[in-house]
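Q: Below are the structure tokens for one structure; questions will follow.
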Amino acid sequence: MVHNLREKLKVAQMDADKSSVLALQQGVQERDNQIKMLTDQLEQYTKEMESHSLHTENLKQQLKINKGDPQHYQSGEFQAKLQLMDQKLREAERIAELAENDARQKDKDLVDALNRMRDYEAGVYGLEEAVAEIKDLKTQMNLRDREIEALTTDVNRLELKVNDILDENEDLRERLGL
């Protein structure tokens with residue numbers, strides 16, 4: 001009778017663990033989708049920043065060409081604005097690179113977690129190890145949630161910087177008559 005109850009308890013624990021694993025897999029998949037979306041946004045913003053960087057370089061070249069122009073007195077103002085834009089662009093590129101590296105690392109971590117769960121389901125890991133791993137994965141998921149929030153904040157801030165740079169480019173174009 002006691003042996004039978006112990007077997008039932010083991011089966012119940014395994015069922016609970018399997019449902020936990022399924023919930024974790026679903027959570028990991030959702031996080032994976034969020035990371036992919038953020039990575040795509042990051043790539044888009046990086047392309048926009050590269051475009052703006054080229055645009056800034058073109059404006060610099062035009063300023064060098066137009067130094068003998070009567071508008072030369074404004075070149076100091078334009079130079080200051082261009083330097084500010086360059087500084088903002090470099091900062092945005094640095095943040096984008098950090099976010100891309102972080103997203104790559106998170107993808108790798110997610111793949112590792114999924115492989116461990118598959119090993120557990122295949123019986124490679126025991127019950128104790130699996131429970132400890134599930135707890136660890138839950139902790140990792142909470143950390144990833146916070147990191148995703150931080151990435152989202154960075155992406156939003158980058159978007160604002162890109163918009164500011166676009167506005168400044170438009171102002172400079174108007175002043176240069178382009």
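Residue numbering restarts at 1 in every chain; chains get A, B, ... in the order shown in the structure tokens, and ligands count up from 1 in that same order.
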Just want the 8 Å neighbourhood of stretch 156-159 of chain A, counted on only C-alpha atoms, with same-chain residues fewer than 5 positions away dropped. Output as a PyMOL selection string.

A: chain A and resi 45+92+95-96

Q: Which of these residues is nearest to A:Leu110, using only C-alpha atoms: A:Arg173, A:Lys135, A:Lys36, A:Lys60?

A: A:Lys36

Q: Looking at A:Asn142, A:Gln25, A:Thr39, A:Asn33, which one is nearest to A:Arg118, with distances taken over only C-alpha atoms?

A: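 Closest candidate: A:Gln25.
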
Q: Which one is closest to A:Lys88: A:Asn101, A:Gln62, A:Asn163, A:Asn4? Count only C-alpha atoms.

A: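 Smallest distance to A:Lys88 is found for A:Asn163.
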
Q: Nearest to A:Leu84 among A:Leu176, A:Glu170, A:Ile165, A:Met1, with distances taken over only C-alpha atoms: which residue is it?

A: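 The shortest atom-to-atom distance to A:Leu84 comes from A:Ile165.
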
Q: If we count only C-alpha atoms and set the cut-off at 12 Å, which residues sit around A:Val21, ignoring sequence neighbours fewer than 5 positions away in its own chain? Please answer as a list in words.

A: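 Surrounding residues, per the criterion: Met14, Asp15, Ala16, Gln26, Gly27, Val28, Ala113, Leu114, Asn115, Arg116, Met117, Arg118, Asp119, Tyr120, Glu121, Leu127, Ala130, Val131, Ala132, Glu133, Ile134, Lys135, Leu137 and Lys138 of chain A.
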
Q: Write the residues of the selection above to a file with C-alpha atoms, as a short mmCIF file (atom, residue, chain, number, x, y, z; two decimals), in the first residue's frame.

A:
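Final output, result.cif:
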data_model
loop_
_atom_site.label_atom_id
_atom_site.label_comp_id
_atom_site.auth_asym_id
_atom_site.auth_seq_id
_atom_site.Cartn_x
_atom_site.Cartn_y
_atom_site.Cartn_z
CA MET A 14 6.33 13.92 -12.84
CA ASP A 15 3.00 15.18 -14.23
CA ALA A 16 3.46 18.45 -12.35
CA GLN A 26 5.72 28.34 -23.86
CA GLY A 27 7.32 31.17 -21.90
CA VAL A 28 10.65 30.62 -23.62
CA ALA A 113 17.56 25.92 -22.06
CA LEU A 114 15.46 24.19 -24.70
CA ASN A 115 18.12 21.50 -25.15
CA ARG A 116 18.16 20.86 -21.41
CA MET A 117 14.39 20.53 -21.34
CA ARG A 118 14.52 18.04 -24.22
CA ASP A 119 17.13 16.03 -22.32
CA TYR A 120 14.86 16.00 -19.29
CA GLU A 121 11.92 14.84 -21.34
CA LEU A 127 13.64 14.43 -11.17
CA ALA A 130 14.91 18.76 -13.44
CA VAL A 131 13.18 20.52 -10.55
CA ALA A 132 16.36 22.48 -9.79
CA GLU A 133 16.71 23.31 -13.46
CA ILE A 134 13.08 24.46 -13.67
CA LYS A 135 13.65 26.81 -10.74
CA LEU A 137 14.98 28.62 -15.68
CA LYS A 138 12.21 30.54 -13.95
#

Q: Give the answer as one residue: which of A:Asp164, A:Arg175, A:Glu100, A:Asp112 has the shortest atom-to-atom distance to A:Asp40, using only C-alpha atoms?

A: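 Looking only at the distances to A:Asp40, the closest residue turns out to be A:Glu100.
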